[in-house]
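Let me begin by presenting the structure, written as structure tokens, before commenting on it.
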Amino acid sequence: MSKPKIATTSLAGCFGCHMSLLDIDERILKLIELVDFDKSPIDDIKEFTGRCAIGLIEGGCANEDNVHVLQEFRKHCDILVAVGDCAIMGDIPAMRNNIPLKECLEEAYLNGPSIHNPEKVMPNDKELPLCLDRVYPCHEVVKIDYSLPGCPPGADTIWQALVALLNNKPLELPYELIKYD
Amino acid sequence: MSEQITFTIDGVEIKDKAGQTIMQAADEAGIYIPRLCRHPDLPPRGSCRVCTVFVNGKPQAACTQPIAEGMTVENDTPELKESRRNIIDMLFIEGNHFCMFCEKSGNCELQALAYRLGILSPKYPYFFPKKDVDSTHPDIFLDLNRCILCGRCVEASRDVDHKGVFEFVGRGIEKKIAVNAEADLKDTDFAATDKAADVCPVGAINKKRTAFSTPIGKRLYDTKPIGSEIEERKK
């Protein structure tokens, strides 16, 4: 029987949650026995090669590409897990949510104290994904099956969750592993 | 008052003096009733409704309701757990609770209740409201992003410190804590030694230069759930 597949992605996140996944240390050898990685920055596979059992989402949706990738994950994964506070509630990127997007961009590219931009150019290359009006937590864009809070969630949290989900067990985290920071 | 009263909480028989509230009697018996706005040094307000229990089938705030002979109190039921979870969920989405950089994280009663209730996922869309931060005071900063409107600071400043630094203004979703001054917190006589500076359950009222002094793992609620100190009293 072929191994179940896992896909991972980092949307509007800092890759800290992926670092936390790597923090499972030597258990990563066990993980490789249990699963194959599909689309993921860990193996650098860019497109889905087939159906995945679990999709791990880091980061919320800050731009249209994030939304597209998240929708692709929902389409290809049986179980979608929001990993970390950015995926769950937008987090640091979502601090812009009560400031109008125009003001944010002007502060970043025109008015900020360290900006040197005499031509007053705003990035508008069509290759760049458009920013959304605000940062959306993943559960406001697609159906999310499980959430692992934390910034980042600890390696033990991610490991216990993966082992439970891969063995069709209920995801029950002990008190010490539920952390929002 | 020395009249003895006998009643039950979740089927456990409790004996206590008349005049005690359900919460006081439960605390003494080592039964934890989750609470948020209640502070042991301040009079109960019954405003957050986290401590709601069913008394003879009717919902009552355990922090204000006195005990009565023969009453049946339900506390630890799936229905009440769900309603407490809903209150906590709504408090999280109504404010801007960024635990990862909050000075209060690990010692926060809102966060601790969420941990105790096992909240992993949000249930509702976030509001991301625009709220003010007042850092004008030399020793204290006020971050309304994190305020849950429990009213502890209002009571402590008015009744304990006799200063009346804080008060509620506005109604409904516009309701917020305001300071009693023309402009900012620096214009009040608020001091870091005031009771009101110590009662905030969340990270809304913070003493400057004291943040992050306790390492992760040693903070109040890192390893033990909120309320376990009460449950340890159980014989």
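Chain labels follow the order of the structure tokens: the first chain is A, the next B, and so on; residue numbering restarts at 1 in every chain, and ligands are counted from 1 in their shown order.
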- Query: So which residues of segment 26-105 of chain A fall under strand (DSSP E or B) by DSSP, listed as a ChimeraX atom specification?
  - Reply: /A:36-37,40,45,52-58,60-63,77-83
May I have the selected residues written with N, CA and C atoms, as a tab-separated table (two decimals), in the first residue's frame?
```
chain	number	residue	atom	x	y	z
A	36	ASP	N	4.55	10.38	2.49
A	36	ASP	CA	5.35	11.02	1.45
A	36	ASP	C	4.96	12.49	1.42
A	37	PHE	N	5.91	13.36	1.15
A	37	PHE	CA	5.58	14.78	0.99
A	37	PHE	C	5.24	15.06	-0.46
A	40	SER	N	5.21	20.98	-1.36
A	40	SER	CA	5.69	21.51	-0.08
A	40	SER	C	7.02	22.21	-0.28
A	45	ILE	N	8.47	20.60	-4.19
A	45	ILE	CA	7.51	20.23	-5.25
A	45	ILE	C	6.50	21.37	-5.37
A	52	CYS	N	-3.94	14.28	-1.55
A	52	CYS	CA	-3.16	14.25	-0.31
A	52	CYS	C	-4.09	13.99	0.88
A	53	ALA	N	-3.55	13.25	1.86
A	53	ALA	CA	-4.34	12.97	3.05
A	53	ALA	C	-4.45	14.22	3.91
A	54	ILE	N	-3.32	14.91	4.08
A	54	ILE	CA	-3.30	16.06	4.98
A	54	ILE	C	-2.62	17.24	4.31
A	55	GLY	N	-3.23	18.41	4.46
A	55	GLY	CA	-2.59	19.65	4.03
A	55	GLY	C	-2.34	20.51	5.24
A	56	LEU	N	-1.09	20.95	5.41
A	56	LEU	CA	-0.77	21.83	6.53
A	56	LEU	C	-0.62	23.25	6.00
A	57	ILE	N	-1.42	24.16	6.53
A	57	ILE	CA	-1.40	25.54	6.05
A	57	ILE	C	-0.76	26.43	7.10
A	58	GLU	N	0.30	27.09	6.72
A	58	GLU	CA	0.86	28.13	7.58
A	58	GLU	C	0.50	29.48	6.97
A	60	GLY	N	-2.04	33.23	6.95
A	60	GLY	CA	-3.37	33.59	6.47
A	60	GLY	C	-3.30	34.07	5.03
A	61	CYS	N	-4.38	34.66	4.54
A	61	CYS	CA	-4.44	35.13	3.16
A	61	CYS	C	-4.30	36.64	3.10
A	62	ALA	N	-3.16	37.10	2.59
A	62	ALA	CA	-2.90	38.53	2.47
A	62	ALA	C	-3.03	39.00	1.04
A	63	ASN	N	-2.90	38.07	0.08
A	63	ASN	CA	-3.01	38.47	-1.33
A	63	ASN	C	-3.76	37.41	-2.14
A	77	CYS	N	-6.69	18.16	-0.71
A	77	CYS	CA	-6.40	17.51	0.58
A	77	CYS	C	-7.68	17.03	1.26
A	78	ASP	N	-7.60	15.83	1.85
A	78	ASP	CA	-8.76	15.32	2.60
A	78	ASP	C	-8.95	16.11	3.88
A	79	ILE	N	-7.85	16.34	4.59
A	79	ILE	CA	-7.92	17.08	5.86
A	79	ILE	C	-7.04	18.31	5.73
A	80	LEU	N	-7.61	19.45	6.07
A	80	LEU	CA	-6.84	20.69	6.01
A	80	LEU	C	-6.62	21.20	7.44
A	81	VAL	N	-5.36	21.41	7.78
A	81	VAL	CA	-5.02	21.85	9.14
A	81	VAL	C	-4.44	23.26	9.08
A	82	ALA	N	-5.05	24.19	9.82
A	82	ALA	CA	-4.47	25.53	9.97
A	82	ALA	C	-3.40	25.43	11.04
A	83	VAL	N	-2.14	25.61	10.64
A	83	VAL	CA	-1.03	25.46	11.57
A	83	VAL	C	-0.53	26.85	11.98
```
- Message: Excluding segment 136-140 of chain B and its own-chain neighbours fewer than 5 positions away, which residues fall within 10 Å of it when counting only C-alpha atoms? Please give them as a PyMOL selection string.
- Response: chain B and resi 183-193+197+205-210
- Message: as JSON, numbers by chain, could you give me every residue of chain B near chain A (at most 10 Å apart, counting only C-alpha atoms)?
- Response: {"B": [92, 93, 96, 97, 98, 99, 100, 101, 102, 105, 106, 111, 112, 114, 115, 116, 117, 118, 119, 120, 121, 122, 123, 124, 125, 126, 127, 128, 129, 130, 131, 216, 217, 221, 222, 223, 224, 225]}
May I have the residues from that selection written out with C-alpha atoms, as a PDB file, in the first residue's frame?
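out-v3.pdb, freshly written:
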```pdb
ATOM      1  CA  PHE B  92     -11.443  36.878  21.215  1.00  0.00           C
ATOM      2  CA  ILE B  93     -13.008  37.992  17.926  1.00  0.00           C
ATOM      3  CA  ASN B  96      -7.445  42.312  18.817  1.00  0.00           C
ATOM      4  CA  HIS B  97      -5.883  39.586  20.936  1.00  0.00           C
ATOM      5  CA  PHE B  98      -2.396  38.993  19.582  1.00  0.00           C
ATOM      6  CA  CYS B  99      -1.140  36.563  22.207  1.00  0.00           C
ATOM      7  CA  MET B 100       2.236  36.026  20.563  1.00  0.00           C
ATOM      8  CA  PHE B 101       3.566  39.440  21.521  1.00  0.00           C
ATOM      9  CA  CYS B 102       1.301  40.274  24.446  1.00  0.00           C
ATOM     10  CA  SER B 105       0.538  35.956  27.635  1.00  0.00           C
ATOM     11  CA  GLY B 106       0.905  33.007  30.007  1.00  0.00           C
ATOM     12  CA  GLN B 111      -6.171  33.016  27.445  1.00  0.00           C
ATOM     13  CA  ALA B 112      -6.086  30.625  30.412  1.00  0.00           C
ATOM     14  CA  ALA B 114      -9.526  29.347  26.491  1.00  0.00           C
ATOM     15  CA  TYR B 115      -6.775  26.827  27.259  1.00  0.00           C
ATOM     16  CA  ARG B 116      -8.832  25.221  29.998  1.00  0.00           C
ATOM     17  CA  LEU B 117     -11.838  24.936  27.690  1.00  0.00           C
ATOM     18  CA  GLY B 118      -9.554  23.422  25.049  1.00  0.00           C
ATOM     19  CA  ILE B 119     -10.281  26.037  22.384  1.00  0.00           C
ATOM     20  CA  LEU B 120      -8.169  25.278  19.319  1.00  0.00           C
ATOM     21  CA  SER B 121     -10.132  26.831  16.489  1.00  0.00           C
ATOM     22  CA  PRO B 122     -12.026  30.072  16.090  1.00  0.00           C
ATOM     23  CA  LYS B 123     -15.727  29.698  15.482  1.00  0.00           C
ATOM     24  CA  TYR B 124     -16.571  33.161  14.162  1.00  0.00           C
ATOM     25  CA  PRO B 125     -15.062  35.712  11.758  1.00  0.00           C
ATOM     26  CA  TYR B 126     -12.732  38.215  13.442  1.00  0.00           C
ATOM     27  CA  PHE B 127     -13.787  41.864  13.766  1.00  0.00           C
ATOM     28  CA  PHE B 128     -10.295  43.448  13.698  1.00  0.00           C
ATOM     29  CA  PRO B 129     -11.657  46.625  15.297  1.00  0.00           C
ATOM     30  CA  LYS B 130      -9.668  49.825  15.464  1.00  0.00           C
ATOM     31  CA  LYS B 131      -8.774  50.516  19.112  1.00  0.00           C
ATOM     32  CA  ILE B 216       8.047  30.649  29.169  1.00  0.00           C
ATOM     33  CA  GLY B 217       7.277  27.484  31.111  1.00  0.00           C
ATOM     34  CA  TYR B 221      -0.884  29.084  33.424  1.00  0.00           C
ATOM     35  CA  ASP B 222       1.904  27.383  31.458  1.00  0.00           C
ATOM     36  CA  THR B 223       1.540  23.966  33.048  1.00  0.00           C
ATOM     37  CA  LYS B 224      -1.495  24.186  35.332  1.00  0.00           C
ATOM     38  CA  PRO B 225      -4.963  25.189  34.152  1.00  0.00           C
TER      39      PRO B 225
END
```
Find the spatial neighbours of Asp161 of chain B, counting only C-alpha atoms, within a cut-off of 9 Å - ignore same-chain residues fewer than 5 positions away - and output them as an mmCIF file with N, CA, C and O atoms, in the first residue's frame.
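The resulting file, part.cif, is reproduced below:
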```
data_model
loop_
_atom_site.group_PDB
_atom_site.id
_atom_site.type_symbol
_atom_site.label_atom_id
_atom_site.label_comp_id
_atom_site.auth_asym_id
_atom_site.auth_seq_id
_atom_site.Cartn_x
_atom_site.Cartn_y
_atom_site.Cartn_z
ATOM 1 N N ALA B 156 -11.991 48.990 40.939
ATOM 2 C CA ALA B 156 -10.815 49.115 41.807
ATOM 3 C C ALA B 156 -10.428 50.580 41.956
ATOM 4 O O ALA B 156 -10.106 51.051 43.047
ATOM 5 N N ASP B 194 -1.436 51.732 42.323
ATOM 6 C CA ASP B 194 -2.877 51.637 42.512
ATOM 7 C C ASP B 194 -3.348 50.192 42.383
ATOM 8 O O ASP B 194 -2.764 49.401 41.641
ATOM 9 N N LYS B 195 -4.437 49.897 43.084
ATOM 10 C CA LYS B 195 -5.060 48.566 42.939
ATOM 11 C C LYS B 195 -5.485 48.346 41.492
ATOM 12 O O LYS B 195 -5.332 47.249 40.945
ATOM 13 N N ALA B 196 -5.984 49.418 40.865
ATOM 14 C CA ALA B 196 -6.489 49.294 39.493
ATOM 15 C C ALA B 196 -5.396 48.880 38.503
ATOM 16 O O ALA B 196 -5.685 48.376 37.417
#
```
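Picture a line from atom CA of Thr72 of chain B to atom CA of Gly30 of chain B; it runs 17.1 Å.
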- Residue set, segment 7-178 of chain B restricted to alpha helix (DSSP H), as an NGL selection string: :B and (22-28 or 78-94 or 109-116 or 152-155)
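Using only C-alpha atoms, the smallest distance between any of B:Leu149, B:Val53, B:Cys63, B:Leu144 and Phe168 of chain B comes from B:Leu149.
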- Message: Between atom CA of Arg233 of chain B and atom CA of Thr52 of chain B, what distance in Å does the model show, to one decimal?
- Response: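 Straight-line distance from atom CA of Arg233 of chain B to atom CA of Thr52 of chain B works out to 21.7 Å.
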- Item | 12 Å contact set for Cys131 of chain A, only C-alpha atoms, chain neighbours under 6 positions out, as a list in words | Ala12, Cys61, Ala62, Asn63, Glu64, Asp65, Asn66, Val67, Pro93, Arg96, Asn97, Pro100, Leu101, Lys102, Cys104, Leu105, Pro123 and Asn124 of chain A
- Task: Between atom CA of Phe48 of chain A and atom CA of His76 of chain A, measure the distance and give it in Å to one decimal.
- Result: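 A separation of 7.5 Å between them.
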